[in-house]
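Next comes protein-v9.txt, a file with compact mmCIF, C-alpha atoms and all ligand atoms.
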# COMPACT_ATOMS: atom_id res chain seq x y z
CA MET A 1 11.79 10.25 7.19
CA SER A 2 9.30 9.56 4.40
CA LEU A 3 9.24 6.20 2.65
CA GLU A 4 10.81 7.71 -0.43
CA GLU A 5 13.70 9.37 1.35
CA SER A 6 14.91 6.19 2.96
CA ARG A 7 18.30 4.75 1.99
CA SER A 8 18.92 1.20 0.87
CA LEU A 9 21.83 -1.14 1.32
CA ARG A 10 22.75 -3.65 -1.39
CA VAL A 11 24.44 -6.77 -0.11
CA VAL A 12 26.70 -8.59 -2.57
CA VAL A 13 27.72 -12.18 -1.97
CA TYR A 14 30.95 -12.21 -3.95
CA GLU A 15 32.14 -15.61 -5.14
CA GLY A 16 34.45 -14.53 -7.97
CA GLU A 17 38.20 -14.43 -8.35
CA GLY A 18 40.02 -13.99 -5.07
CA SER A 19 37.33 -15.65 -2.99
CA ALA A 20 36.22 -19.21 -2.24
CA PRO A 21 32.64 -20.13 -3.22
CA LEU A 22 30.07 -20.90 -0.55
CA GLU A 23 28.54 -24.37 -0.37
CA ALA A 24 25.01 -24.41 -1.85
CA GLN A 25 23.42 -24.89 1.58
CA ALA A 26 25.39 -22.03 3.16
CA ARG A 27 24.55 -19.82 0.18
CA TYR A 28 20.86 -20.63 0.49
CA ASP A 29 20.78 -20.14 4.27
CA THR A 30 22.59 -16.80 4.02
CA MET A 31 20.44 -15.46 1.17
CA ALA A 32 17.21 -16.63 2.80
CA ALA A 33 18.13 -15.04 6.15
CA LEU A 34 19.03 -11.71 4.54
CA LEU A 35 15.88 -11.64 2.39
CA GLN A 36 13.79 -12.36 5.44
CA GLU A 37 15.32 -9.27 7.05
CA GLY A 38 14.37 -7.14 4.04
CA TYR A 39 17.71 -6.73 2.25
CA SER A 40 18.47 -6.84 -1.46
CA VAL A 41 21.16 -9.41 -2.16
CA THR A 42 23.20 -10.14 -5.29
CA ARG A 43 25.09 -13.36 -5.77
CA THR A 44 27.90 -12.84 -8.27
CA ASP A 45 30.87 -14.74 -9.62
CA GLY A 46 32.12 -11.64 -11.39
CA ARG A 47 31.42 -13.13 -14.83
CA GLN A 48 27.71 -13.62 -15.32
CA ALA A 49 25.34 -10.70 -15.70
CA VAL A 50 23.72 -9.22 -12.63
CA SER A 51 22.21 -5.79 -12.24
CA PRO A 52 24.85 -3.06 -12.63
CA ASP A 53 26.35 -0.99 -9.85
CA ASP A 54 24.46 2.20 -9.13
CA ARG A 55 24.46 4.78 -6.35
CA THR A 56 23.17 2.33 -3.73
CA SER A 57 25.46 1.74 -0.74
CA LEU A 58 27.23 -1.60 -1.03
CA LEU A 59 28.25 -4.25 1.41
CA VAL A 60 30.37 -6.89 -0.32
CA MET A 61 30.85 -10.14 1.55
CA GLY A 62 32.84 -13.25 0.71
CA ARG A 63 35.35 -15.82 1.80
CA PHE A 64 38.48 -13.94 0.89
CA GLY A 65 40.81 -16.04 3.04
CA SER A 66 44.37 -15.19 3.94
CA ASP A 67 44.84 -12.75 1.07
CA GLY A 68 42.23 -10.56 2.66
CA PRO A 69 39.38 -8.80 0.91
CA PRO A 70 40.09 -6.93 -2.32
CA THR A 71 39.57 -3.21 -2.50
CA PHE A 72 36.32 -2.03 -4.05
CA GLU A 73 36.22 1.55 -5.20
CA GLY A 74 33.33 3.89 -5.51
CA ALA A 75 32.68 5.10 -1.98
CA ASP A 76 31.94 8.77 -1.57
CA GLU A 77 29.83 11.01 0.60
CA ALA A 78 26.59 9.89 -0.97
CA ARG A 79 27.17 6.19 -0.72
CA ALA A 80 29.14 3.81 1.43
CA VAL A 81 31.07 0.76 0.22
CA SER A 82 32.37 -1.80 2.65
CA VAL A 83 33.78 -5.31 2.48
CA MET A 84 33.19 -8.09 4.95
CA GLU A 85 35.00 -11.38 5.46
CA ILE A 86 32.39 -14.00 6.31
CA GLY A 87 34.60 -17.07 6.70
CA ASP A 88 32.44 -19.78 8.26
CA ARG A 89 30.04 -17.46 10.04
CA ASP A 90 26.48 -18.70 10.35
CA PRO A 91 23.57 -16.83 8.72
CA GLU A 92 22.44 -15.27 12.01
CA SER A 93 25.78 -13.66 12.71
CA ILE A 94 26.06 -12.51 9.07
CA THR A 95 22.63 -10.92 9.36
CA GLU A 96 23.68 -9.28 12.60
CA LEU A 97 26.72 -7.73 10.90
CA VAL A 98 24.61 -6.51 8.00
CA ARG A 99 22.12 -4.97 10.42
CA GLY A 100 24.96 -3.10 12.10
CA ARG A 101 26.12 -1.78 8.75
CA ARG A 102 22.58 -0.73 7.86
CA ASP A 103 22.33 1.22 11.10
CA GLU A 104 25.62 2.97 10.38
CA ILE A 105 24.37 4.28 7.05
CA ASP A 106 20.95 5.04 8.53
CA GLY A 107 19.33 2.62 6.07
CA PHE A 108 15.64 1.82 5.83
CA ASP A 109 14.17 -0.18 8.69
CA HIS A 110 12.64 -2.99 6.64
CA GLY A 111 9.59 -4.71 8.01
CA ALA A 112 8.33 -1.79 10.09
CA TRP A 113 5.65 -1.11 7.47
CA LYS A 114 3.66 -3.74 5.60
CA PRO A 115 3.73 -2.81 1.91
CA TRP A 116 0.01 -2.61 1.24
CA PHE A 117 -1.07 0.08 -1.19
CA PRO A 118 -2.98 0.45 -4.47
CA VAL A 119 -1.12 0.00 -7.74
CA ILE A 120 -2.78 1.52 -10.80
CA ASP A 121 -2.97 -0.28 -14.12
CA TYR A 122 -2.80 2.68 -16.51
CA ASP A 123 -3.63 0.39 -19.41
CA ARG A 124 -7.12 0.35 -17.90
CA CYS A 125 -7.52 3.55 -15.84
CA THR A 126 -9.84 6.10 -17.46
CA ASN A 127 -9.12 8.87 -14.94
CA CYS A 128 -12.70 8.87 -13.67
CA MET A 129 -11.54 9.82 -10.13
CA GLN A 130 -13.99 7.54 -8.34
CA CYS A 131 -11.16 6.17 -6.23
CA LEU A 132 -9.94 9.63 -5.33
CA SER A 133 -13.37 10.73 -4.19
CA PHE A 134 -13.89 7.49 -2.26
CA CYS A 135 -10.69 7.30 -0.21
CA LEU A 136 -10.89 9.01 3.17
CA PHE A 137 -7.20 8.71 3.90
CA GLY A 138 -5.63 10.90 1.23
CA VAL A 139 -3.88 8.07 -0.59
CA TYR A 140 -4.78 9.45 -4.03
CA GLY A 141 -3.98 12.71 -5.76
CA VAL A 142 -3.25 13.89 -9.28
CA ASP A 143 0.03 14.54 -11.08
CA GLY A 144 1.02 17.69 -12.98
CA GLU A 145 -1.13 16.59 -15.92
CA ASN A 146 -4.15 15.89 -13.74
CA ARG A 147 -3.80 12.16 -14.04
CA LEU A 148 -4.79 10.09 -11.11
CA GLN A 149 -1.79 9.14 -8.99
CA VAL A 150 -1.16 7.16 -5.82
CA GLN A 151 0.63 9.71 -3.67
CA ASN A 152 0.68 8.50 -0.09
CA ASN A 153 1.32 4.77 -0.12
CA ASP A 154 1.82 4.53 3.60
CA SER A 155 -1.52 6.19 4.40
CA CYS A 156 -3.34 3.20 2.91
CA LYS A 157 -5.07 0.94 5.45
CA THR A 158 -3.45 -2.48 5.57
CA ASN A 159 -5.53 -5.25 4.00
CA CYS A 160 -8.27 -2.86 2.90
CA PRO A 161 -8.91 -3.18 -0.85
CA ALA A 162 -12.12 -1.11 -0.75
CA CYS A 163 -11.09 1.44 -3.38
CA SER A 164 -10.46 -1.35 -5.87
CA ARG A 165 -14.16 -2.14 -5.50
CA VAL A 166 -15.22 1.31 -6.61
CA CYS A 167 -13.06 1.27 -9.74
CA PRO A 168 -15.32 0.51 -12.71
CA GLU A 169 -12.37 -0.59 -14.84
CA ALA A 170 -10.73 -3.05 -12.43
CA ALA A 171 -7.65 -0.84 -12.73
CA ILE A 172 -6.70 -0.85 -9.05
CA MET A 173 -4.51 -3.72 -7.91
CA PHE A 174 -3.28 -4.77 -4.52
CA PRO A 175 -0.59 -7.29 -5.49
CA LYS A 176 -0.71 -8.89 -2.04
CA TYR A 177 -4.47 -9.48 -2.22
CA ARG A 178 -5.61 -13.09 -2.19
CA SER A 179 -7.61 -13.27 -5.42
CA GLY A 180 -7.91 -11.85 -8.92
CA PRO A 181 -8.21 -9.53 -10.59
CA ILE A 182 -7.28 -7.32 -7.60
CA ASN A 183 -4.05 -9.28 -7.14
CA GLY A 184 -2.96 -8.45 -10.69
CA ASP A 185 -4.34 -11.54 -12.39
CA ARG A 186 -5.83 -11.00 -15.85
CA VAL A 187 -9.13 -9.13 -15.94
CA SER A 188 -11.76 -11.26 -17.62
CA SER A 189 -15.00 -9.92 -19.03
CA THR A 190 -16.84 -11.67 -16.20
CA ASP A 191 -14.60 -9.90 -13.70
CA LEU A 192 -15.35 -6.61 -15.34
CA LYS A 193 -19.08 -7.20 -15.20
CA ARG A 194 -18.78 -8.13 -11.55
CA GLU A 195 -16.64 -5.08 -10.79
CA LYS A 196 -19.10 -2.86 -12.57
CA MET A 197 -21.88 -4.27 -10.45
CA LYS A 198 -19.89 -3.86 -7.32
CA ILE A 199 -18.78 -0.38 -7.99
CA ASP A 200 -21.57 1.24 -6.35
CA ILE A 201 -20.92 0.06 -2.87
CA SER A 202 -23.21 2.93 -1.94
CA SER A 203 -26.20 1.53 -3.82
CA LEU A 204 -25.33 -1.93 -2.60
CA LEU A 205 -25.73 -0.65 0.89
CA GLY A 206 -28.78 1.38 0.11
CA GLY A 207 -27.54 4.93 -0.12
CA ASP A 208 -24.49 7.05 0.24
CA VAL A 209 -21.72 4.96 1.66
CA TYR A 210 -20.50 7.73 3.90
CA GLN A 211 -23.99 8.39 5.17
CA MET A 212 -24.12 4.73 6.02
CA LEU A 213 -20.81 4.83 7.79
CA ARG A 214 -22.03 7.84 9.73
CA ASP A 215 -25.24 6.09 10.69
CA ARG A 216 -23.47 2.94 11.69
CA SER A 217 -20.88 4.82 13.59
CA GLU A 218 -23.49 6.92 15.40
CA LYS A 219 -25.57 3.89 16.26
CA ALA A 220 -22.48 2.15 17.46
CA LYS A 221 -21.57 5.19 19.50
CA SER A 222 -24.93 5.49 21.23
CA ARG A 223 -24.95 1.79 21.87
CA PHE A 224 -21.47 2.06 23.21
CA SER A 225 -22.45 4.82 25.62
CA LYS A 226 -25.35 2.74 26.93
CA GLU A 227 -23.29 -0.35 27.34
CA ARG A 228 -21.49 -0.96 30.56
CA ASN A 229 -19.54 -3.87 29.23
CA PRO A 230 -17.12 -2.51 26.66
CA ASP A 231 -16.50 -5.95 25.16
CA LYS A 232 -20.17 -6.42 24.48
CA ALA A 233 -20.40 -2.98 22.95
CA LEU A 234 -17.43 -3.72 20.78
CA ASN A 235 -18.99 -6.96 19.61
CA GLU A 236 -22.21 -5.15 18.78
CA ARG A 237 -20.34 -2.58 16.82
CA LYS A 238 -18.49 -5.30 14.96
CA LYS A 239 -21.74 -7.07 14.19
CA CYS A 240 -23.40 -4.01 12.74
CA LEU A 241 -20.39 -3.38 10.54
CA THR A 242 -20.25 -6.94 9.27
CA LYS A 243 -22.55 -6.28 6.35
CA LEU A 244 -20.44 -3.45 5.12
CA ALA A 245 -17.30 -5.42 5.69
CA GLN A 246 -18.69 -8.33 3.70
CA SER A 247 -20.06 -6.24 0.88
CA GLY A 248 -17.03 -4.11 0.45
CA ASP A 249 -14.43 -6.54 1.70
CA ILE A 250 -13.30 -3.94 4.19
CA PRO A 251 -11.51 -5.35 7.24
CA ASP A 252 -13.18 -4.76 10.59
CA GLU A 253 -10.08 -3.04 11.94
CA VAL A 254 -10.38 -0.41 9.23
CA LEU A 255 -14.04 0.24 9.91
CA MET A 256 -13.38 0.37 13.61
CA SER A 257 -10.60 2.86 13.12
CA LEU A 258 -12.66 5.25 11.01
CA PRO A 259 -12.72 8.79 12.35
CA ALA A 260 -15.72 10.32 14.10
CA PRO A 261 -18.81 10.88 11.93
CA ASP A 262 -18.19 14.62 11.52
CA GLU A 263 -14.67 13.97 10.45
CA ILE A 264 -15.81 11.30 7.96
CA GLN A 265 -18.18 13.83 6.49
CA ARG A 266 -15.51 16.49 6.29
CA ARG A 267 -13.00 14.15 4.66
CA ALA A 268 -15.57 12.78 2.22
CA GLU A 269 -16.45 16.30 1.12
CA GLU A 270 -12.81 17.22 0.82
CA ALA A 271 -12.07 14.13 -1.29
CA ALA A 272 -15.11 14.74 -3.49
CA ALA A 273 -14.07 18.36 -4.05
CA LYS A 274 -10.53 17.25 -4.90
CA ALA A 275 -11.89 14.72 -7.40
CA ASP A 276 -14.26 17.29 -8.96
CA LYS A 277 -11.43 19.75 -9.37
CA ALA A 278 -9.16 17.11 -10.91
CA ARG A 279 -11.92 15.95 -13.26
CA ALA A 280 -12.61 19.50 -14.41
CA ALA A 281 -8.91 20.18 -14.93
CA ALA A 282 -8.43 16.91 -16.83
CA MET A 283 -11.33 17.74 -19.12
CA GLY A 284 -9.85 21.18 -19.62
CA ASN A 285 -6.58 19.50 -20.67
CA ALA A 286 -8.42 17.27 -23.11
CA ASP A 287 -10.09 20.24 -24.86
CA MET B 1 21.47 -21.29 -16.12
CA ALA B 2 21.07 -18.02 -17.94
CA ASN B 3 24.16 -15.98 -18.63
CA LYS B 4 23.43 -12.69 -20.40
CA THR B 5 19.87 -12.66 -19.24
CA ARG B 6 19.73 -11.44 -15.67
CA ILE B 7 17.60 -13.09 -13.00
CA LEU B 8 15.72 -11.21 -10.31
CA PHE B 9 14.07 -13.19 -7.53
CA CYS B 10 11.40 -11.58 -5.32
CA ASN B 11 11.01 -13.21 -1.91
CA CYS B 12 7.62 -11.58 -1.21
CA THR B 13 8.79 -11.33 2.40
CA TYR B 14 5.88 -9.33 3.82
CA ALA B 15 3.00 -11.51 2.64
CA GLN B 16 2.04 -15.13 2.25
CA VAL B 17 0.62 -14.84 -1.24
CA VAL B 18 3.41 -16.77 -2.94
CA PRO B 19 3.36 -20.28 -1.48
CA LYS B 20 6.25 -20.64 0.96
CA SER B 21 7.25 -23.96 -0.56
CA THR B 22 7.46 -22.35 -4.02
CA LYS B 23 9.58 -19.37 -3.08
CA GLU B 24 11.87 -21.47 -0.92
CA GLY B 25 12.12 -24.14 -3.62
CA VAL B 26 12.94 -21.64 -6.37
CA LEU B 27 15.53 -19.85 -4.22
CA ARG B 28 17.08 -23.18 -3.30
CA LYS B 29 17.38 -24.21 -6.95
CA LEU B 30 18.97 -20.88 -7.80
CA CYS B 31 21.47 -21.31 -4.97
CA GLU B 32 22.30 -24.86 -6.06
CA SER B 33 22.96 -23.74 -9.62
CA GLU B 34 25.97 -21.80 -10.84
CA ALA B 35 23.74 -18.85 -11.69
CA ALA B 36 24.52 -15.33 -10.63
CA PHE B 37 21.34 -13.51 -9.65
CA ASP B 38 19.78 -10.60 -7.84
CA ALA B 39 17.28 -11.21 -5.06
CA VAL B 40 15.08 -8.70 -3.29
CA ALA B 41 13.01 -9.09 -0.18
CA ASP B 42 9.84 -7.51 -1.51
CA LEU B 43 9.33 -5.70 -4.81
CA CYS B 44 6.14 -4.17 -3.46
CA GLU B 45 8.05 -2.47 -0.67
CA MET B 46 10.68 -1.20 -3.12
CA SER B 47 7.98 0.16 -5.42
CA ALA B 48 6.26 1.96 -2.54
CA ARG B 49 9.57 3.54 -1.56
CA ARG B 50 10.34 4.32 -5.21
CA ASP B 51 13.67 2.67 -4.51
CA PRO B 52 16.12 3.83 -7.22
CA ALA B 53 17.49 0.27 -7.20
CA LEU B 54 14.47 -0.72 -9.32
CA GLN B 55 16.08 1.16 -12.16
CA ARG B 56 19.17 -1.01 -12.14
CA PHE B 57 16.93 -4.02 -12.66
CA ALA B 58 14.66 -2.46 -15.26
CA GLN B 59 17.16 -0.71 -17.45
CA ALA B 60 20.06 -3.06 -18.04
CA GLY B 61 18.97 -5.54 -20.70
CA PRO B 62 17.18 -8.91 -20.77
CA LEU B 63 15.61 -9.81 -17.46
CA LYS B 64 13.63 -12.64 -15.91
CA ILE B 65 11.71 -11.78 -12.78
CA ALA B 66 10.46 -14.49 -10.44
CA ALA B 67 7.58 -12.82 -8.60
CA CYS B 68 3.81 -12.84 -9.13
CA PHE B 69 1.36 -11.75 -11.84
CA PRO B 70 2.98 -9.98 -14.83
CA ARG B 71 0.33 -7.21 -14.75
CA ALA B 72 1.14 -6.45 -11.10
CA VAL B 73 4.89 -6.52 -11.70
CA LYS B 74 4.60 -4.23 -14.74
CA TRP B 75 2.77 -1.55 -12.78
CA LEU B 76 4.79 -1.96 -9.58
CA PHE B 77 7.92 -1.07 -11.55
CA ALA B 78 6.10 1.80 -13.27
CA ALA B 79 4.91 3.11 -9.89
CA GLY B 80 8.50 2.86 -8.67
CA ARG B 81 9.56 5.12 -11.58
CA ALA B 82 11.42 2.30 -13.28
CA PRO B 83 9.26 1.14 -16.19
CA LEU B 84 10.17 -2.28 -17.51
CA ASN B 85 11.11 -2.84 -21.13
CA ARG B 86 8.40 -5.10 -22.52
CA GLN B 87 10.58 -6.88 -25.06
CA TRP B 88 13.32 -7.68 -22.60
CA THR B 89 11.25 -8.86 -19.69
CA GLU B 90 9.68 -12.16 -18.71
CA VAL B 91 7.83 -12.52 -15.44
CA VAL B 92 7.74 -15.98 -13.88
CA ASN B 93 4.66 -16.19 -11.71
CA MET B 94 5.44 -18.05 -8.48
CA ARG B 95 1.80 -17.70 -7.37
CA THR B 96 0.73 -20.07 -10.11
CA GLU B 97 3.79 -22.03 -11.28
CA SER B 98 5.38 -25.06 -9.66
CA VAL B 99 8.95 -24.92 -8.36
CA ASP B 100 10.22 -26.94 -11.30
CA ALA B 101 8.36 -24.89 -13.89
CA ALA B 102 9.48 -21.58 -12.35
CA ALA B 103 13.12 -22.68 -11.92
CA GLY B 104 13.08 -24.13 -15.45
CA ALA B 105 11.85 -20.84 -16.89
CA LEU B 106 14.56 -18.91 -15.05
CA ALA B 107 17.23 -21.30 -16.31
CA THR B 108 16.40 -20.67 -19.98
CA GLU B 109 18.47 -17.99 -21.66
CA ALA B 110 15.73 -16.90 -24.10
CA VAL B 111 13.28 -14.32 -22.79
CA THR B 112 9.60 -14.97 -23.52
CA SER B 113 8.19 -11.51 -23.14
CA ASN B 114 4.89 -11.69 -21.26
CA LEU B 115 4.16 -8.25 -19.85
CA PRO B 116 0.69 -6.99 -20.84
CA ASP B 117 0.63 -4.86 -24.01
CA ASP B 118 0.62 -1.11 -23.56
CA HIS B 119 -2.83 0.29 -24.10
CA LYS B 120 -4.23 3.80 -23.87
CA PRO B 121 -7.80 3.68 -22.61
CA PRO B 122 -10.16 6.53 -23.46
CA MET B 123 -10.33 9.10 -20.68
CA ALA B 124 -13.54 9.53 -18.71
CA GLY B 125 -15.43 12.55 -19.96
CA SER B 126 -13.71 12.55 -23.34
CA GLU B 127 -15.92 12.33 -26.41
CA ASN B 128 -14.56 9.05 -27.74
CA ARG B 129 -15.33 7.29 -24.47
CA THR B 130 -16.64 3.79 -25.11
CA GLU B 131 -17.82 1.14 -22.74
CA ALA B 132 -15.31 -1.67 -22.15
S1 LIG C 1 -11.54 4.56 -10.14
FE1 LIG C 1 -10.26 3.29 -11.50
S2 LIG C 1 -10.51 4.15 -13.56
FE2 LIG C 1 -11.27 5.67 -12.08
S3 LIG C 1 -9.47 7.01 -11.70
FE3 LIG C 1 -9.48 5.43 -10.09
S4 LIG C 1 -8.12 3.81 -10.95
FE4 LIG C 1 -8.70 5.12 -12.65
S1 LIG C 2 5.86 -8.21 -6.50
FE1 LIG C 2 4.44 -9.92 -6.11
S2 LIG C 2 5.79 -11.52 -5.30
FE2 LIG C 2 6.93 -9.58 -5.10
S3 LIG C 2 6.45 -8.70 -3.09
FE3 LIG C 2 4.92 -7.86 -4.47
S4 LIG C 2 3.19 -9.31 -4.34
FE4 LIG C 2 4.96 -10.37 -3.52

Could you render the structure as structure tokens?
Amino acid sequence: MSLEESRSLRVVVYEGEGSAPLEAQARYDTMAALLQEGYSVTRTDGRQAVSPDDRTSLLVMGRFGSDGPPTFEGADEARAVSVMEIGDRDPESITELVRGRRDEIDGFDHGAWKPWFPVIDYDRCTNCMQCLSFCLFGVYGVDGENRLQVQNNDSCKTNCPACSRVCPEAAIMFPKYRSGPINGDRVSSTDLKREKMKIDISSLLGGDVYQMLRDRSEKAKSRFSKERNPDKALNERKKCLTKLAQSGDIPDEVLMSLPAPDEIQRRAEEAAAKADKARAAAMGNAD
Amino acid sequence: MANKTRILFCNCTYAQVVPKSTKEGVLRKLCESEAAFDAVADLCEMSARRDPALQRFAQAGPLKIAACFPRAVKWLFAAGRAPLNRQWTEVVNMRTESVDAAAGALATEAVTSNLPDDHKPPMAGSENRTEA
């Protein structure tokens, strides 16, 4: 199942008419436990505004007592609605029940994938396609109007913000990155100057970045074949990649997991061709 | 606590970029108040999945979002196909605000819109291209 096809479950902690409110501590413990497990949770008293009901499957929980839970309508084939009496259950057992419900509706398995992917600031993006031609993992593509688009979020390499370094406009954000402007903080003119200097990772490293990766990878390979001790070889390989990692902020794991040199070359050419085509089409649109 | 203005709290579950003490403190204050609110585990994850639930947050009137940088939140919603309404939306940045300041901002009914202005940059290769 692709990321986009996955189903969600909305948990509602109902504290309105017909139910007894939770104590603040129990409310906090329950909400915190459910959020930690990846669920969306709404706390409602039935009077104040919360986000409206939509087509998301619902699990309504509360302390309904001896009158039993009220009936909530709206279930159909496309979405499930269920009601749960929580009484004095502890957060762990509530979470367990919610997990069971999620499994029944075949809901998304939260936490299996770390949400790390580029987010484009279209107030800044000039559609230059540098990111598209740089990425070896097919994260980028173009939409029907030949505008750059992030298409395969889950192909992005966790903790690797390298493409944001090639963007001359500081338009690529990774909201979970540690510092600005990549984390979404305001872009200052100093940032922009720095980004513009950084853009050319290739010139920073003295040539075509992919050529360098190929060289490094080949050197590492030949060293690896000569080495008897795989740990030592691995350390060597790590060492020779350190410069690139530091310059481009690319995690070692990503560099180590790069495909074989031939494959890097093939993918780089493919990405460059895709970017050229998109650029030409976009310019055609602009005419 | 706010009444017509809705509150959305992001727990940033899959990263440590929002200080733990801040997100726990803000959630605790929300739970201690009488406020009704929506909470999500991780807006980034929802954006990546283009979770249709983002639309119920974005398109139902005044909204305060406790999360991270307004620029990131604006484009996460846009990427999730649920663009936020600039006038209606205030983002409370838990990466930079204290617990008290963030909880105080959520408790105020009035929305201080702070999403970045919309801007159309010149396209690369177009004739009116200027350097930033
Ligand atoms: S490199 Fe930056 S400006 Fe160029 S297309 Fe990519 S996001 Fe847009
Ligand atoms: S929107 Fe910001 S606070 Fe929320 S999950 Fe993403 S990075 Fe974390």

Report the closest atom pair, with its distance in Å rounded to one decimal, for each residue of chain A that has an atom no farther than 12 Å from ligand LIG 1 (chain C); count only C-alpha atoms and all ligand atoms, sort by chain and then rising residue number, and write it as CSV.
residue,atom,partner,partner_atom,distance
A:Pro118,CA,C:LIG1,S4,8.9
A:Val119,CA,C:LIG1,S4,8.6
A:Ile120,CA,C:LIG1,S4,5.8
A:Asp121,CA,C:LIG1,S4,7.3
A:Tyr122,CA,C:LIG1,FE4,7.5
A:Asp123,CA,C:LIG1,FE4,9.7
A:Arg124,CA,C:LIG1,S2,6.7
A:Cys125,CA,C:LIG1,FE4,3.7
A:Thr126,CA,C:LIG1,S2,4.4
A:Asn127,CA,C:LIG1,S3,3.8
A:Cys128,CA,C:LIG1,FE2,3.8
A:Met129,CA,C:LIG1,S3,3.8
A:Gln130,CA,C:LIG1,S1,4.3
A:Cys131,CA,C:LIG1,S1,4.2
A:Leu132,CA,C:LIG1,FE3,6.4
A:Ser133,CA,C:LIG1,S1,8.8
A:Phe134,CA,C:LIG1,S1,8.7
A:Cys135,CA,C:LIG1,FE3,10.1
A:Val139,CA,C:LIG1,FE3,11.3
A:Tyr140,CA,C:LIG1,FE3,8.7
A:Gly141,CA,C:LIG1,S3,9.9
A:Val142,CA,C:LIG1,S3,9.6
A:Asn146,CA,C:LIG1,S3,10.6
A:Arg147,CA,C:LIG1,S3,8.0
A:Leu148,CA,C:LIG1,S3,5.6
A:Gln149,CA,C:LIG1,S3,8.4
A:Val150,CA,C:LIG1,S4,9.3
A:Ala162,CA,C:LIG1,S1,11.0
A:Cys163,CA,C:LIG1,S1,7.5
A:Ser164,CA,C:LIG1,FE1,7.3
A:Arg165,CA,C:LIG1,S1,8.6
A:Val166,CA,C:LIG1,S1,6.0
A:Cys167,CA,C:LIG1,S1,3.6
A:Pro168,CA,C:LIG1,FE1,5.9
A:Glu169,CA,C:LIG1,S2,5.3
A:Ala170,CA,C:LIG1,FE1,6.4
A:Ala171,CA,C:LIG1,S4,5.0
A:Ile172,CA,C:LIG1,S4,5.2
A:Met173,CA,C:LIG1,S4,8.9
A:Phe174,CA,C:LIG1,S4,11.8
A:Ile182,CA,C:LIG1,S4,11.7
A:Leu192,CA,C:LIG1,FE1,11.8
A:Glu195,CA,C:LIG1,FE1,10.5
A:Lys196,CA,C:LIG1,FE1,10.8
A:Ile199,CA,C:LIG1,S1,9.0
A:Asp200,CA,C:LIG1,S1,11.2
A:Ala275,CA,C:LIG1,S3,9.2
A:Asp276,CA,C:LIG1,S3,11.7
A:Ala278,CA,C:LIG1,S3,10.1
A:Arg279,CA,C:LIG1,S3,9.4
A:Ala282,CA,C:LIG1,S3,11.2

Which residues of chain A are close to chain B, meaning at most 7 Å apart when you count only C-alpha atoms, and how do they look as an mmCIF file with C-alpha atoms, keeping the file's coordinate frame?
data_model
loop_
_atom_site.group_PDB
_atom_site.id
_atom_site.type_symbol
_atom_site.label_atom_id
_atom_site.label_comp_id
_atom_site.auth_asym_id
_atom_site.auth_seq_id
_atom_site.Cartn_x
_atom_site.Cartn_y
_atom_site.Cartn_z
ATOM 1 C CA LEU A 3 9.240 6.200 2.650
ATOM 2 C CA GLU A 4 10.810 7.710 -0.430
ATOM 3 C CA ALA A 24 25.010 -24.410 -1.850
ATOM 4 C CA ARG A 27 24.550 -19.820 0.180
ATOM 5 C CA TYR A 28 20.860 -20.630 0.490
ATOM 6 C CA LEU A 35 15.880 -11.640 2.390
ATOM 7 C CA GLN A 36 13.790 -12.360 5.440
ATOM 8 C CA GLY A 38 14.370 -7.140 4.040
ATOM 9 C CA TYR A 39 17.710 -6.730 2.250
ATOM 10 C CA SER A 40 18.470 -6.840 -1.460
ATOM 11 C CA VAL A 41 21.160 -9.410 -2.160
ATOM 12 C CA THR A 42 23.200 -10.140 -5.290
ATOM 13 C CA ARG A 43 25.090 -13.360 -5.770
ATOM 14 C CA THR A 44 27.900 -12.840 -8.270
ATOM 15 C CA ASP A 45 30.870 -14.740 -9.620
ATOM 16 C CA GLN A 48 27.710 -13.620 -15.320
ATOM 17 C CA ALA A 49 25.340 -10.700 -15.700
ATOM 18 C CA VAL A 50 23.720 -9.220 -12.630
ATOM 19 C CA SER A 51 22.210 -5.790 -12.240
ATOM 20 C CA PRO A 52 24.850 -3.060 -12.630
ATOM 21 C CA ASP A 54 24.460 2.200 -9.130
ATOM 22 C CA THR A 56 23.170 2.330 -3.730
ATOM 23 C CA LYS A 114 3.660 -3.740 5.600
ATOM 24 C CA PRO A 115 3.730 -2.810 1.910
ATOM 25 C CA VAL A 119 -1.120 0.000 -7.740
ATOM 26 C CA ILE A 120 -2.780 1.520 -10.800
ATOM 27 C CA ASP A 121 -2.970 -0.280 -14.120
ATOM 28 C CA ASP A 123 -3.630 0.390 -19.410
ATOM 29 C CA ARG A 124 -7.120 0.350 -17.900
ATOM 30 C CA CYS A 125 -7.520 3.550 -15.840
ATOM 31 C CA THR A 126 -9.840 6.100 -17.460
ATOM 32 C CA ASN A 127 -9.120 8.870 -14.940
ATOM 33 C CA CYS A 128 -12.700 8.870 -13.670
ATOM 34 C CA ASN A 153 1.320 4.770 -0.120
ATOM 35 C CA PRO A 175 -0.590 -7.290 -5.490
ATOM 36 C CA LYS A 176 -0.710 -8.890 -2.040
ATOM 37 C CA ARG A 178 -5.610 -13.090 -2.190
ATOM 38 C CA GLY A 184 -2.960 -8.450 -10.690
ATOM 39 C CA ASP A 185 -4.340 -11.540 -12.390
ATOM 40 C CA MET A 283 -11.330 17.740 -19.120
#

Enclose ligand LIG 2 (chain C), meaning all of its atoms listed in the file, in a box aligned along x, y and z, pad it by 6 Å on each side, and list the centre and edge lengths in Å to one decimal, as JSON.
{"center_x": 5.1, "center_y": -9.7, "center_z": -4.8, "size_x": 15.7, "size_y": 15.7, "size_z": 15.4}

_Gap from CA of Glu97 in chain B to CA of Thr158 in chain A - Å, one decimal_ = 26.8 Å
